[in-house]
Structures are given as structure tokens and as C-alpha cells.
file work_17.txt (compact mmCIF, C-alpha atoms)
# COMPACT_ATOMS: atom_id res chain seq x y z
CA MET H 860 20.61 215.25 91.42
CA SER H 861 18.81 215.30 88.08
CA ARG H 862 17.95 218.38 86.10
CA ALA H 863 15.06 219.10 83.74
CA LYS H 864 16.20 220.35 80.33
CA MET H 865 15.11 223.94 79.83
CA PRO H 866 16.48 227.12 78.31
CA ASP H 867 18.67 229.14 80.68
CA ASP H 868 16.15 232.00 80.77
CA GLN H 869 13.34 229.84 82.14
CA VAL H 870 12.53 228.27 85.49
CA ARG H 871 14.62 225.20 86.34
CA GLN H 872 13.60 222.10 88.23
CA PHE H 873 15.91 219.74 90.11
CA THR H 874 15.16 216.40 91.74
CA ILE H 875 16.77 216.05 95.17
CA GLY H 876 19.04 213.01 95.35
CA LYS H 877 19.83 210.73 98.28
CA ASP H 878 23.14 212.48 98.94
CA ASP H 879 21.32 215.74 99.67
CA ALA H 880 18.66 214.28 101.94
CA GLY H 881 18.68 216.24 105.21
CA ALA H 882 20.71 219.13 103.82
CA ARG H 883 19.55 222.74 104.23
CA LEU H 884 18.32 224.55 101.15
CA ASP H 885 21.16 227.11 101.26
CA ARG H 886 23.66 224.26 101.60
CA TRP H 887 22.20 222.65 98.47
CA PHE H 888 22.86 225.84 96.50
CA LYS H 889 26.42 226.00 97.83
CA ARG H 890 27.04 222.43 96.67
CA HIS H 891 25.35 222.47 93.28
CA LEU H 892 24.95 226.12 92.24
CA PRO H 893 27.86 227.87 93.97
CA GLN H 894 27.53 230.85 91.61
CA VAL H 895 24.27 231.80 93.33
CA GLY H 896 25.17 233.80 96.44
CA PHE H 897 23.45 233.47 99.80
CA ALA H 898 21.86 236.92 99.44
CA THR H 899 20.25 235.87 96.15
CA VAL H 900 18.97 232.61 97.62
CA SER H 901 17.52 234.51 100.58
CA ARG H 902 15.77 236.99 98.28
CA TRP H 903 14.32 234.22 96.12
CA ALA H 904 13.05 232.39 99.20
CA ARG H 905 11.63 235.56 100.76
CA THR H 906 9.72 236.45 97.58
CA GLY H 907 8.43 232.91 97.05
CA GLN H 908 10.42 232.22 93.87
CA ILE H 909 11.94 229.01 95.28
CA ARG H 910 9.46 226.17 95.62
CA ILE H 911 9.78 222.62 96.94
CA ASP H 912 7.02 220.33 95.62
CA GLY H 913 5.07 223.49 94.80
CA LYS H 914 5.35 224.98 98.30
CA ARG H 915 7.37 227.99 99.44
CA ALA H 916 10.65 227.24 101.18
CA ASP H 917 13.04 229.08 103.48
CA VAL H 918 16.82 228.98 103.34
CA ASP H 919 16.92 226.67 106.38
CA THR H 920 14.36 224.19 105.00
CA ARG H 921 15.64 220.60 105.18
CA LEU H 922 15.44 218.70 101.90
CA GLU H 923 14.23 215.15 101.32
CA ALA H 924 15.18 212.72 98.59
CA GLY H 925 12.80 212.77 95.63
CA GLN H 926 11.52 216.31 96.18
CA ILE H 927 11.27 218.66 93.18
CA LEU H 928 13.09 221.95 93.69
CA ARG H 929 12.01 224.92 91.56
CA VAL H 930 14.76 227.49 90.91
CA PRO H 931 14.05 230.82 89.13
CA PRO H 932 16.06 231.76 86.03
CA GLY H 933 19.40 233.51 86.30
CA ASN H 934 22.74 232.48 87.84
CA ALA H 935 21.76 228.84 87.64
CA THR H 936 24.87 227.48 85.94
CA PRO H 937 25.02 223.75 86.68
CA VAL H 938 27.72 222.34 88.91
CA GLY H 939 31.04 221.69 87.19
CA THR H 940 30.91 224.89 85.12
CA PRO H 941 33.38 227.61 86.19
CA GLY H 942 31.55 230.69 87.40
CA LYS H 943 32.50 234.33 87.69
CA GLY H 944 35.82 234.75 89.48
CA GLU H 945 36.66 231.04 89.19
CA ARG H 946 39.71 229.88 87.31
CA ALA H 947 39.01 227.08 84.84
CA ARG H 948 41.16 224.04 85.59
CA LYS H 949 43.57 222.95 82.89
CA PRO H 950 42.78 219.63 81.21
CA LEU H 951 44.85 216.78 82.59
CA THR H 952 47.65 215.40 80.49
CA GLU H 953 47.78 211.74 79.49
CA GLU H 954 50.54 211.15 82.05
CA GLN H 955 48.43 212.70 84.82
CA ILE H 956 45.44 210.57 83.93
CA GLN H 957 47.59 207.43 83.97
CA LEU H 958 49.01 208.40 87.37
CA ALA H 959 45.51 208.97 88.75
CA GLU H 960 44.29 205.60 87.51
CA SER H 961 47.39 203.77 88.78
CA MET H 962 46.68 204.92 92.35
CA VAL H 963 43.16 203.43 92.56
CA LEU H 964 42.74 200.51 94.97
CA GLU H 965 38.93 200.41 95.09
CA LYS H 966 36.11 202.43 93.59
CA ASP H 967 32.32 202.49 94.00
CA ARG H 968 29.46 205.00 93.82
CA ALA H 969 30.39 206.68 97.11
CA ALA H 970 34.18 206.48 97.39
CA ILE H 971 37.51 206.08 95.63
CA VAL H 972 40.34 204.58 97.69
CA LEU H 973 43.84 205.50 96.53
CA ASN H 974 47.35 204.31 97.34
CA LYS H 975 49.15 207.67 97.39
CA PRO H 976 52.82 207.46 96.42
CA PRO H 977 55.47 209.23 98.54
CA GLY H 978 56.47 212.65 97.27
CA LEU H 979 53.01 213.57 95.96
CA ALA H 980 51.21 216.23 98.02
CA THR H 981 47.56 215.76 98.93
CA GLN H 982 46.66 219.41 98.31
CA GLY H 983 48.26 222.36 96.57
CA GLY H 984 50.05 225.19 98.30
CA SER H 985 52.84 227.68 97.85
CA GLY H 986 55.15 226.22 95.21
CA THR H 987 53.18 222.95 95.06
CA HIS H 988 51.65 222.33 91.65
CA GLU H 989 51.41 218.52 91.49
CA HIS H 990 48.98 217.09 94.04
CA VAL H 991 46.16 214.57 94.44
CA ASP H 992 43.49 217.26 94.51
CA GLY H 993 44.61 218.42 91.07
CA LEU H 994 44.16 214.89 89.68
CA LEU H 995 40.57 214.37 90.84
CA ASP H 996 39.14 215.45 87.46
CA ALA H 997 40.38 212.09 86.15
CA TYR H 998 37.63 210.37 88.19
CA VAL H 999 34.72 212.60 87.05
CA ASN H 1000 32.05 211.08 84.82
CA GLU H 1001 29.75 213.28 82.77
CA GLY H 1002 27.03 214.87 84.88
CA GLU H 1003 28.70 214.00 88.19
CA ALA H 1004 30.03 216.33 90.87
CA ARG H 1005 33.79 216.54 91.25
CA PRO H 1006 35.16 214.15 93.91
CA ARG H 1007 36.54 215.76 97.03
CA LEU H 1008 39.13 215.07 99.73
CA VAL H 1009 37.90 214.12 103.21
CA HIS H 1010 41.29 213.67 104.93
CA ARG H 1011 44.94 214.06 104.00
CA LEU H 1012 48.40 212.51 104.19
CA ASP H 1013 51.72 214.33 104.41
CA LYS H 1014 53.56 214.74 101.13
CA ASP H 1015 56.25 212.17 102.01
CA THR H 1016 53.81 209.71 103.61
CA SER H 1017 52.45 206.99 101.34
CA GLY H 1018 49.39 204.78 101.58
CA VAL H 1019 45.61 204.71 101.85
CA LEU H 1020 43.80 207.95 100.98
CA LEU H 1021 40.00 208.11 100.82
CA ILE H 1022 38.22 210.30 98.25
CA ALA H 1023 34.46 210.99 98.42
CA ARG H 1024 32.62 210.88 95.08
CA THR H 1025 29.52 212.84 96.11
CA PRO H 1026 28.73 215.71 98.49
CA GLY H 1027 26.63 213.37 100.61
CA SER H 1028 29.36 210.76 101.00
CA ALA H 1029 31.87 213.53 101.77
CA ALA H 1030 29.72 214.68 104.69
CA PHE H 1031 29.29 211.06 105.84
CA PHE H 1032 33.01 210.23 105.78
CA SER H 1033 34.02 213.55 107.35
CA LYS H 1034 31.76 212.84 110.31
CA ARG H 1035 33.39 209.40 110.78
CA PHE H 1036 36.87 210.89 110.75
CA SER H 1037 35.97 213.68 113.19
CA GLY H 1038 34.12 211.20 115.43
CA ARG H 1039 37.19 208.93 115.58
CA SER H 1040 35.25 205.87 114.40
CA ALA H 1041 37.53 205.50 111.36
CA ARG H 1042 40.53 203.26 112.08
CA LYS H 1043 43.85 204.25 110.50
CA ILE H 1044 46.82 201.89 110.74
CA TYR H 1045 50.31 203.04 109.78
CA TRP H 1046 53.56 201.15 109.37
CA ALA H 1047 56.86 202.85 110.14
CA LEU H 1048 60.54 202.06 110.53
CA VAL H 1049 62.02 203.92 113.50
CA VAL H 1050 65.56 204.47 114.76
CA GLY H 1051 66.37 202.30 117.77
CA VAL H 1052 63.96 200.05 119.66
CA PRO H 1053 61.40 201.41 122.18
CA ASP H 1054 61.74 199.88 125.65
CA VAL H 1055 57.95 199.56 125.95
CA LYS H 1056 56.74 197.24 123.19
CA ASP H 1057 53.09 198.30 123.27
CA GLY H 1058 52.75 201.92 124.29
CA LEU H 1059 50.49 204.95 124.35
CA ILE H 1060 52.00 208.40 123.81
CA GLU H 1061 50.06 211.36 125.20
CA LEU H 1062 51.78 214.65 124.39
CA PRO H 1063 49.96 217.89 123.44
CA LEU H 1064 51.06 219.51 120.18
CA ALA H 1065 51.22 223.07 118.91
CA LYS H 1066 52.63 224.84 115.88
CA GLN H 1067 56.27 225.71 116.40
CA PRO H 1068 56.72 229.50 116.26
CA GLY H 1069 59.29 231.13 114.05
CA THR H 1070 59.46 228.33 111.48
CA GLY H 1071 59.22 229.08 107.79
CA GLY H 1072 57.22 225.98 106.92
CA GLU H 1073 54.64 223.89 108.72
CA LYS H 1074 56.26 222.37 111.79
CA MET H 1075 54.79 221.13 115.06
CA MET H 1076 56.25 220.70 118.54
CA VAL H 1077 55.37 219.21 121.91
CA ASP H 1078 53.72 221.90 124.04
CA GLU H 1079 52.77 221.16 127.66
CA SER H 1080 52.19 224.80 128.58
CA GLY H 1081 48.43 224.31 128.45
CA GLN H 1082 48.09 225.93 125.04
CA GLY H 1083 48.78 222.79 122.97
CA GLN H 1084 46.10 220.53 121.53
CA SER H 1085 45.76 217.10 123.12
CA ALA H 1086 47.24 214.32 120.98
CA ARG H 1087 47.30 210.56 121.56
CA SER H 1088 49.11 207.90 119.54
CA ARG H 1089 49.46 204.18 120.07
CA TYR H 1090 52.43 202.16 118.86
CA ARG H 1091 53.21 198.44 118.81
CA VAL H 1092 56.62 196.99 117.98
CA ILE H 1093 56.25 194.33 115.28
CA SER H 1094 59.91 193.35 114.90
CA ARG H 1095 63.42 194.68 115.47
CA ALA H 1096 66.76 194.73 113.65
CA GLY H 1097 69.14 194.36 116.57
CA ASN H 1098 69.27 197.69 118.40
CA ALA H 1099 69.53 199.78 115.24
CA ALA H 1100 65.91 199.94 114.09
CA ALA H 1101 62.40 198.68 114.74
CA TRP H 1102 59.34 198.06 112.61
CA VAL H 1103 56.29 199.49 114.38
CA GLU H 1104 52.55 199.75 113.87
CA LEU H 1105 51.13 203.20 114.65
CA GLN H 1106 47.54 204.27 115.33
CA PRO H 1107 46.71 207.98 115.67
CA LEU H 1108 43.88 208.27 118.19
CA THR H 1109 43.60 211.99 117.45
CA GLY H 1110 44.18 213.81 114.18
CA ARG H 1111 46.84 216.49 114.71
CA THR H 1112 49.24 217.68 112.02
CA HIS H 1113 52.42 215.52 111.86
CA GLN H 1114 51.24 213.79 115.03
CA LEU H 1115 52.94 210.40 114.56
CA ARG H 1116 56.19 211.98 113.42
CA VAL H 1117 56.42 214.36 116.38
CA HIS H 1118 55.41 211.73 118.94
CA MET H 1119 57.95 209.13 117.83
CA ALA H 1120 60.74 211.72 117.75
CA ALA H 1121 59.70 212.95 121.22
CA ILE H 1122 60.26 209.51 122.80
CA GLY H 1123 63.67 209.21 121.16
CA HIS H 1124 62.76 207.02 118.17
CA PRO H 1125 62.28 209.21 115.08
CA ILE H 1126 60.86 207.71 111.90
CA VAL H 1127 63.63 206.68 109.52
CA GLY H 1128 64.12 209.37 106.89
CA ASP H 1129 62.23 212.08 108.82
CA GLY H 1130 64.97 214.70 109.01
CA LYS H 1131 62.44 217.41 109.82
CA TYR H 1132 61.82 216.03 113.32
CA GLY H 1133 64.71 213.62 113.82
CA GLY H 1134 67.59 215.55 112.30
CA GLN H 1135 70.63 213.55 111.18
CA ALA H 1136 69.79 210.88 113.76
CA ALA H 1137 66.80 209.87 111.62
CA PHE H 1138 68.95 208.40 108.84
CA LEU H 1139 70.46 204.92 108.78
CA THR H 1140 73.61 204.03 106.92
CA GLY H 1141 74.09 201.30 104.35
CA SER H 1142 71.42 200.45 101.80
CA ILE H 1143 68.54 202.05 103.73
CA SER H 1144 66.79 204.75 101.67
CA ARG H 1145 66.85 208.35 102.92
CA LYS H 1146 63.15 208.73 102.07
CA MET H 1147 60.65 208.78 104.93
CA HIS H 1148 59.45 205.35 106.03
CA LEU H 1149 55.86 206.10 107.08
CA HIS H 1150 53.04 204.31 105.25
CA ALA H 1151 49.26 204.41 105.78
CA ARG H 1152 48.85 200.65 105.64
CA ARG H 1153 45.14 200.17 106.32
CA LEU H 1154 41.88 202.13 106.59
CA ARG H 1155 38.67 200.77 108.06
CA ILE H 1156 35.62 203.06 107.91
CA GLU H 1157 31.86 202.77 107.59
CA HIS H 1158 30.31 203.01 104.13
CA PRO H 1159 27.24 205.22 103.51
CA GLU H 1160 25.30 202.16 102.34
CA GLY H 1161 25.82 200.32 105.61
CA ASP H 1162 28.76 197.97 105.09
CA MET H 1163 32.46 198.63 105.77
CA ILE H 1164 35.39 199.86 103.71
CA ASP H 1165 38.47 197.91 104.79
CA VAL H 1166 41.44 198.48 102.49
CA THR H 1167 45.14 197.62 102.74
CA ALA H 1168 47.76 199.46 100.65
CA PRO H 1169 50.95 197.76 99.36
CA LEU H 1170 54.27 199.29 100.41
CA PRO H 1171 56.15 201.67 98.11
CA ALA H 1172 59.37 200.37 96.55
CA HIS H 1173 61.83 202.12 98.90
CA PHE H 1174 59.98 200.93 102.02
CA ALA H 1175 59.81 197.33 100.80
CA ALA H 1176 63.53 197.38 99.95
CA SER H 1177 64.44 198.67 103.42
CA MET H 1178 62.26 195.99 105.02
CA ALA H 1179 64.11 193.29 103.10
CA SER H 1180 67.50 194.81 103.95
CA LEU H 1181 66.69 194.80 107.68
CA GLY H 1182 65.35 191.24 107.59
CA PHE H 1183 61.66 192.08 108.14
CA HIS H 1184 58.93 189.95 106.56
CA GLU H 1185 55.79 191.80 105.46
CA GLU H 1186 53.41 188.90 106.22
CA GLU H 1187 54.21 189.27 109.94
CA GLY H 1188 53.00 192.84 110.11
CA ASP H 1189 49.20 192.89 109.97
CA LEU H 1190 48.38 192.62 113.67
CA PRO H 1191 44.80 192.06 114.90
CA LEU H 1192 42.73 195.25 114.79
CA GLU H 1193 41.46 195.85 118.30
CA PRO H 1194 38.08 197.54 118.84
CA VAL H 1195 38.10 201.23 119.63
CA LYS H 1196 35.94 202.86 122.28
CA LEU H 1197 33.77 205.32 120.41
CA VAL H 1198 32.70 208.67 121.80
CA ASP H 1199 29.06 209.57 121.23
CA GLU H 1200 28.04 212.88 119.70
CA LYS H 1201 26.76 214.38 122.97
CA THR H 1202 30.08 213.70 124.70
CA GLU H 1203 31.95 215.31 121.81
CA GLN H 1204 29.70 218.39 122.08
CA LYS H 1205 30.31 218.61 125.84
CA ARG H 1206 34.07 218.38 125.32
CA ALA H 1207 33.97 221.08 122.65
CA ALA H 1208 31.92 223.37 124.92
CA LYS H 1209 34.31 222.76 127.81
CA ALA H 1210 37.33 223.56 125.64
CA HIS H 1211 35.65 226.73 124.38
CA ALA H 1212 34.85 227.85 127.93
CA LYS H 1213 38.45 227.19 128.98
CA GLU H 1214 39.79 229.27 126.10
CA TYR H 1215 37.34 232.08 126.93
CA ARG H 1216 38.50 232.15 130.56
CA LYS H 1217 42.13 232.39 129.42
CA GLU H 1218 41.30 235.36 127.22
CA ARG H 1219 39.45 237.07 130.08
CA ARG H 1220 42.41 236.54 132.40
CA GLY H 1221 44.65 238.14 129.79
CA GLU H 1222 42.33 241.16 129.59
CA ARG H 1223 42.33 241.58 133.37
CA ARG H 1224 46.12 241.46 133.47
CA LYS H 1225 46.31 244.15 130.81
CA ARG H 1226 43.98 246.40 132.80
CA VAL H 1227 46.05 245.92 135.96
CA ASP H 1228 49.35 246.51 134.17
CA GLY H 1229 47.93 249.64 132.54
CA GLY H 1230 47.09 251.15 135.90
CA THR H 1231 43.35 251.16 135.27
CA SER H 1232 42.51 248.74 138.06
CA ARG H 1233 40.66 250.15 141.07
CA LYS H 1234 42.87 251.01 144.03
CA PRO H 1235 41.99 249.45 147.38
CA THR H 1236 40.15 251.76 149.75
CA GLY H 1237 41.70 250.31 152.87
CA LYS H 1238 44.43 248.04 154.11
CA ARG H 1239 43.94 244.34 154.50
CA ALA H 1240 44.15 243.29 158.11
CA SER H 1241 47.33 241.36 158.89
CA PRO H 1242 46.81 237.99 160.59
CA LYS H 1243 47.58 237.97 164.27
CA ALA H 1244 50.51 236.03 165.59
CA GLY H 1245 49.61 232.40 166.12
CA ALA H 1246 46.37 232.67 164.13
CA LYS H 1247 45.39 229.57 162.20
CA PRO H 1248 44.33 229.73 158.56
CA ALA H 1249 40.63 229.43 157.77
CA ALA H 1250 39.24 225.92 157.61
CA GLY H 1251 39.45 224.37 154.16
CA LYS H 1252 41.86 227.09 152.90
CA PRO H 1253 45.48 226.09 153.62
CA ALA H 1254 48.09 228.81 153.38
CA ALA H 1255 49.75 228.96 149.97
CA ALA H 1256 53.42 228.06 149.63
CA LYS H 1257 55.79 230.99 149.06
CA SER H 1258 56.76 229.65 145.65
CA GLY H 1259 53.13 229.78 144.51
CA ALA H 1260 53.06 226.09 143.60
CA LYS H 1261 50.43 223.79 145.04
CA PRO H 1262 51.74 221.22 147.54
CA GLY H 1263 52.43 217.89 145.85
CA ALA H 1264 51.80 219.25 142.33
CA LYS H 1265 53.65 217.47 139.55
CA LYS H 1266 54.39 218.56 136.03
CA PRO H 1267 52.43 216.50 133.47
CA ALA H 1268 54.63 214.21 131.42
CA ALA H 1269 54.28 211.87 128.46
CA ARG H 1270 53.46 208.31 129.38
CA THR H 1271 53.37 204.97 127.72
CA THR H 1272 51.42 201.97 128.92
CA ALA H 1273 52.58 198.39 128.92
CA GLY H 1274 50.03 195.75 129.80
CA GLY H 1275 47.57 198.41 130.93
CA LYS H 1276 49.96 199.90 133.53
CA PRO H 1277 51.09 203.51 133.06
CA ALA H 1278 54.81 204.17 132.72
CA ARG H 1279 56.69 207.37 132.02
CA ALA H 1280 58.01 207.69 128.51
CA ALA H 1281 61.75 207.81 128.04
CA ALA H 1282 63.22 211.27 127.71
CA PRO H 1283 64.22 212.18 124.13
CA ARG H 1284 67.74 211.01 123.50
CA LYS H 1285 70.05 211.64 120.61
CA PRO H 1286 72.30 208.81 119.45
CA ALA H 1287 76.03 209.53 119.38
CA GLY H 1288 76.02 208.94 115.63
CA PRO H 1289 73.89 207.50 112.82
CA PRO H 1290 73.42 203.81 113.81
CA LYS H 1291 74.22 201.10 111.32
CA ALA H 1292 71.45 198.74 110.24
CA LYS H 1293 71.96 195.16 111.47
CA GLY H 1294 70.22 191.95 110.62
CA GLY H 1295 67.68 190.75 113.15
call {"tool": "encode", "arguments": {"input": "work_17.txt", "output": "C-alpha cells"}}
result
Amino acid sequence: MSRAKMPDDQVRQFTIGKDDAGARLDRWFKRHLPQVGFATVSRWARTGQIRIDGKRADVDTRLEAGQILRVPPGNATPVGTPGKGERARKPLTEEQIQLAESMVLEKDRAAIVLNKPPGLATQGGSGTHEHVDGLLDAYVNEGEARPRLVHRLDKDTSGVLLIARTPGSAAFFSKRFSGRSARKIYWALVVGVPDVKDGLIELPLAKQPGTGGEKMMVDESGQGQSARSRYRVISRAGNAAAWVELQPLTGRTHQLRVHMAAIGHPIVGDGKYGGQAAFLTGSISRKMHLHARRLRIEHPEGDMIDVTAPLPAHFAASMASLGFHEEEGDLPLEPVKLVDEKTEQKRAAKAHAKEYRKERRGERRKRVDGGTSRKPTGKRASPKAGAKPAAGKPAAAKSGAKPGAKKPAARTTAGGKPARAAAPRKPAGPPKAKGG
């Protein structure tokens, strides 16, 4: 986006850049002139004060690269300037700038790829003041928009983190993450050795109630969100620990951590989900051993971003202590079956309809329990002795369960054949690390 130089009390003109091609007019204002509210934009459009290439425009008009946008005077503070009600960000210290620069793996016009260290949060929150989002000003050049996050890693998880440099690239990358075309490969050390060496874990997840912080749990009641994770055992250290490659096929909070703990092999150092059983004795660090090793995602200009992040010091030391060799770990990246946009829309509509039906059932139950349901006007005829049930409608079992119904369970697949996942088991005591 380029801007003509004019006094603030005169009409402004902006040239639409490639990143804003296809965006709605109101979306452009939200990106570049957030101080101008939607009501103001609507009034300007309705009264003909906003013009695109000299023609009147509506708030839902789609923009094209190279067009000239005319904006009336007033409330047109350029992007990057704090507006009314916004808190100005404090300048970064020299140490913060050095930390930001030390994390960079790759950088171009559309993206910055970082190697996030463990212990640094991705975003701020209650009591969290140091985070990646707070360091993004270190990557801003004069006249550019502030970079923005498009995905996140847990605070104690290290590795590849993608940052979008422009609003257009942020929208592009976000669509790839939501469409599951981005490939994320994690390395982890886990307690024990899974029986199935190449497995798929399918367990729905939900937020655990009654917890002070953010914690998830397996929930097969029908209310949980579907979650799928693949794991492959790379190497093992006797029966004490294994080095695994993990691929989240969905993007739920703490998904990999919950799934590995659920099959009885918590990630080393993950006391939140593995308890004391998640810690090994000896020289193995008590920090969490989960690392976003590789990210492969399309680039807005047509090629691919394919980046590998080196291990943090504590992870590399534990690998050496257990006898693992890093060069053995980068397994071939298998192709993923993509889901087209129409299929995603159908799935979303189906999920919405399912949730709506659940809510309606709840309302009907409330009406019945409250005594507001209509009373029957007559008695239902009792079936005669020896009468057969109607064709196609077998009599229900007394317990209310359908004949032959089975409770859904987690499963892993080995060689393409489904197998039930092992029930969560707790070791008798913290296992000792052994050489492989």
C-alpha cells in the first residue's frame, strides 16, 4: 500500500497493493486504518465520499491491485500509529531485539520463520509479559505493517514458528493451516516404547472442567472435538524411552501431549499430562521434550517454504545421553490427502446442524421436566399377546442400548490395519534411562 503525501485535513489517496487484492473495502479499512469505525466507513460509502478509480464504492466492494482509493479527511491515521483507546507499545530493549534476531531461520517479503526457544510464550496472557508477539516490532521496517502470528506453539514447546509479514500473506497462510495443507513435523522423547511402531491416534478432545489453567482431556461423550495424530517410532532406549516423530492431522490445543499421555507414553518432561511418570532419572532434563522440527507450507508467490529447526540444548543433550543420533531422525515426508474447500464447508455445516439438534433436544427436555409438555389425550393401546413388532422396527432392548452397539475407542494402525490402542498405564515408578 502506498500513500500520497497530503495534509491531514485534505482528501487522501491510497494505491491498493497485491496483498489486498480481493479484500472487501471494509476489510481494507480494518487492516490499514483501524481507527475508522465501520459506521464511519458505511456513511462515507453511502454519501459517495469513498471513491475507487473515481467511482463510488460500497463497503462490500472487492478491491484490485493497482486501484486508487480515495478516502475523505478525518480519522485517517496511517497504520502503525496508535489510535484512540490503543496503548502505545514500549520500545524494545537491546536484549529483546537481539533475542528476536537470534530466532530467525529464514526471512523474505511474505514471511519470517523463527526457531522459538522453550520457555518463551507465543502470545501474552495473564501474568505473561515476555512473548513472541511482543517482539514482532523488531522485524518492522519503516512504512510496513506490523508482522502477525498465523499459528502458535505452547510455551514449553520449541521449534518452527511462522510469522506473516503482510496482511495478505497472513490470510494466505491462515487458509493453508485451516485447510490442513501445511505439514508440521514434531520430534518428541516419550516414556516407554509404544507397541505399535507406526500408529494413528483418534481421540476427541475437550477442555477439562474445573481446572485453573488451560488443560485438555479426552472426551468421548460426543461433545469433544475430533482430533487425529500420527506417530512413528524413530529409535528406542531399551524399554525406558523412545524417540518419536509426531504429525498433528488436526489442530487442537495440546493435542500431541494429550494423545501420547492417553496411550500410556507421555512426553518426557510433560508433568501437566503425564504427572511424575513423565520424568526420567539420571542426566535427562526435566524440561519438556517436544520440538517442532519441520514446517512445509505453500508460499504466496507459488513455491514452498520447507524449514527445519535445530534442537534446543536440553533436547540435544538428552538425545546424546540416551544414545540417539540426530541424523537418523528426518524420515521421508509422506503426501497428505487434502480436503477441498467444498468438503470442508459441508463438514462445518453438518457439525453446526448436529450442535443445533443437541440444543433443541435440551430445550425439549427442559419443557418436559418443567411440566409444560402436553398431556396425552388417550392411552396407548397395549400390544396383544403374541403380536409381532412392526416390520423394520425391532423392539428396543430394556437397557435402551442398540443391539451390538460398541463404545468408540482410540485406535492405532499398523501397516494399514486398525488396532485398538493400549489402555493408559502408569509405570510403577520413574523409569531409568538406558542406553539403546
call {"tool": "closest_residue", "arguments": {"input": "work_17.txt", "among": "H:Glu953, H:Ile927, H:Gly1027, H:Arg902", "to": "Gly881 of chain H", "atoms": "all atoms listed in the file"}}
result
H:Gly1027
call {"tool": "closest_residue", "arguments": {"input": "work_17.txt", "among": "H:Leu964, H:Ala1100, H:Val918, H:Ala969", "to": "Gly1161 of chain H", "atoms": "all atoms listed in the file"}}
result
H:Ala969
call {"tool": "atom_distance", "arguments": {"input": "work_17.txt", "atom1": "atom CA of Glu1185 of chain H", "atom2": "atom CA of Ala1047 of chain H"}}
result
12.0 Å
call {"tool": "atom_distance", "arguments": {"input": "work_17.txt", "atom1": "atom CA of Arg915 of chain H", "atom2": "atom CA of Val895 of chain H"}}
result
18.4 Å
call {"tool": "residues_around", "arguments": {"input": "work_17.txt", "residues": "His1150 of chain H", "least_positions_apart": "5", "cutoff": "10 Å", "atoms": "only C-alpha atoms", "output": "ChimeraX atom specification"}}
result
/H:974-977,1012,1015-1019,1044-1048,1104-1105,1168-1171,1174
call {"tool": "residues_around", "arguments": {"input": "work_17.txt", "residues": "segment 955-958 of chain H", "least_positions_apart": "4", "cutoff": "12 Å", "atoms": "all atoms listed in the file", "output": "list in words"}}
result
Lys949, Pro950, Leu951, Met962, Val963, Leu973, Asn974, Lys975, Pro976, Leu979, Glu989, His990, Val991, Asp992, Gly993, Leu994, Leu995, Asp996, Ala997, Tyr998 and Val999 of chain H
call {"tool": "residues_around", "arguments": {"input": "work_17.txt", "residues": "Arg886 of chain H", "least_positions_apart": "5", "cutoff": "10 Å", "atoms": "only C-alpha atoms", "output": "ChimeraX atom specification"}}
result
/H:879,891-893,897,918-922
call {"tool": "write_last_selection", "arguments": {"input": "work_17.txt", "atoms": "C-alpha atoms", "output": "PDB file, in the frame of the given file"}}
result
ATOM      1  CA  ASP H 879      21.320 215.740  99.670  1.00  0.00           C
ATOM      2  CA  HIS H 891      25.350 222.470  93.280  1.00  0.00           C
ATOM      3  CA  LEU H 892      24.950 226.120  92.240  1.00  0.00           C
ATOM      4  CA  PRO H 893      27.860 227.870  93.970  1.00  0.00           C
ATOM      5  CA  PHE H 897      23.450 233.470  99.800  1.00  0.00           C
ATOM      6  CA  VAL H 918      16.820 228.980 103.340  1.00  0.00           C
ATOM      7  CA  ASP H 919      16.920 226.670 106.380  1.00  0.00           C
ATOM      8  CA  THR H 920      14.360 224.190 105.000  1.00  0.00           C
ATOM      9  CA  ARG H 921      15.640 220.600 105.180  1.00  0.00           C
ATOM     10  CA  LEU H 922      15.440 218.700 101.900  1.00  0.00           C
TER      11      LEU H 922
END
call {"tool": "atom_distance", "arguments": {"input": "work_17.txt", "atom1": "atom CA of Arg1005 of chain H", "atom2": "atom CA of Arg968 of chain H"}}
result
12.6 Å
